[in-house]
Amino acid sequence: MMKQSTLKESYKQSKYPLSGHGKRNIHVLKEAFQSIDGDVESDLYGEGSVIAEFQEKMARLLGKEEAVFFPSGTMAQQIALRIWCDEKGLRKVAYHPLSHLEIHEEDGLKELHKIETILLADKGRVIEIEDVLNIEEPVASILLELPQREIGGQLPSFETLKQISEYCQENGMKLHLDGARLLEVLPYYQKTAAEVCALFDSIYVSFYKGIGGIAGAILAGDKAFIKNAKVWKRRYGGDLISLYPYILSADYYFNRRAHKMEQYYEAAKELAQFYNTCHGVSTLPLIPVSNMFHVHFHLSKDQVETVLTEVQQQTGLGLTSYSKEINEKSCYFEVSMGDLYDEVPKELVKKAFTQLNDLIKQRFSSI
């Protein structure tokens, strides 16, 4: 416990954190609001120009008829799948074993909606067309997460997405996109958001991940779908009296960062190369396909945290605040690139990774 605390503290004290956009503190909200006219009217229970204009903007971006703003992606996605199940008259959906709905939502889909889930693919890889073709029972909807966060942000090919989309259309299944990090994968696919979303019947996008807003999400689809989603949003208590703090900050940081996803993607590839030069260290994927990846160490959690703490304290470079144990001899952590990396002196990065590599080889040369 002390070593975990020490690693976290050394990261907090580092002068140059490598990933993310910076601390999530009150300054994030203050910056978003500093240039907004104080006379701008708030939304009221889902109505008003401030929410309507943002929803229209996101619908255009995603190439869908309409969109609705939600306070959380958890709410938005459960509702999307419920709508498709009701339309089909079938309470079954399929998604990856490490989907957010499966491992982070306390079985909300199952407990609140009595929806059964079919898990596609092995935990360590993305869903392929063969997994869809091998579904043995009817489902109302298939959910695809782009990128698949829990396995390092891996992605299927765009051709695979097209094949799955066509199969769903031909067989009466709706295809839903968990696009929490949708913008972050566009540089890899070399597609617009609308081109990717054209393959899906409904889309969820987050505004606090790569965008770096306060909170909030958008759900997009055709008019009938969004009309139904708004009813479910009210049932869930999602129509707060006002959502404008989330909407205005989402719009501000969207405008500031949506065009920088290529920069974050290139930064991820560059940083992954540094990690992959270190003894006993590898990234997943080896070459990132978005702005995120996982760093795997073939060392125990205690060994890794001792070395990382030392590097962070001596160089002032923040690599990570935590590590997660896989087993007694390996652990990992997640990296998500943002604005901060561009501020770090490249010579310092080279120095820190040389030191990290040397320390690992000196102390754990037998691995």
# chains A, B, ... in the order shown; residues from 1 in each chain; ligands from 1
call {"tool": "closest_atom_pairs", "arguments": {"of": "range 124-233 of chain A", "to": "range 45-54 of chain A", "cutoff": "10 Å", "atoms": "only C-alpha atoms", "output": "CSV"}}
result
residue,atom,partner,partner_atom,distance
A:Ile218,CA,A:Phe54,CA,9.6
A:Lys230,CA,A:Gly46,CA,8.7
A:Lys233,CA,A:Gly46,CA,9.5
call {"tool": "closest_atom_pairs", "arguments": {"of": "range 299-357 of chain A", "to": "range 149-163 of chain A", "cutoff": "12 Å", "atoms": "only C-alpha atoms", "output": "Markdown table"}}
result
| residue | atom | partner | partner_atom | distance |
| --- | --- | --- | --- | --- |
| A:Tyr332 | CA | A:Gly152 | CA | 10.1 |
| A:Phe333 | CA | A:Gly152 | CA | 9.4 |
| A:Glu334 | CA | A:Gly152 | CA | 7.3 |
| A:Val335 | CA | A:Gly152 | CA | 8.8 |
| A:Ser336 | CA | A:Gly153 | CA | 9.7 |
call {"tool": "closest_atom_pairs", "arguments": {"of": "range 23-94 of chain A", "to": "range 118-126 of chain A", "cutoff": "8 Å", "atoms": "only C-alpha atoms", "output": "CSV"}}
result
residue,atom,partner,partner_atom,distance
A:Lys92,CA,A:Ile118,CA,7.3
A:Val93,CA,A:Ile118,CA,6.2
A:Ala94,CA,A:Ile118,CA,4.5
call {"tool": "closest_residue", "arguments": {"among": "A:Gln303, A:Gln362, A:Gln55, A:Thr315", "to": "Phe69 in chain A", "atoms": "only C-alpha atoms"}}
result
A:Gln55
call {"tool": "atom_distance", "arguments": {"atom1": "CA of Thr117 in chain A", "atom2": "CA of Asn291 in chain A"}}
result
29.4 Å
call {"tool": "closest_atom_pairs", "arguments": {"of": "range 208-261 of chain A", "to": "range 177-197 of chain A", "cutoff": "7 Å", "atoms": "only C-alpha atoms", "output": "JSON lines"}}
result
{"residue": "A:Lys209", "atom": "CA", "partner": "A:Arg181", "partner_atom": "CA", "distance": 6.8}
{"residue": "A:Gly210", "atom": "CA", "partner": "A:Arg181", "partner_atom": "CA", "distance": 6.5}
{"residue": "A:Ala258", "atom": "CA", "partner": "A:Leu183", "partner_atom": "CA", "distance": 7.0}
{"residue": "A:Met261", "atom": "CA", "partner": "A:Glu184", "partner_atom": "CA", "distance": 5.5}
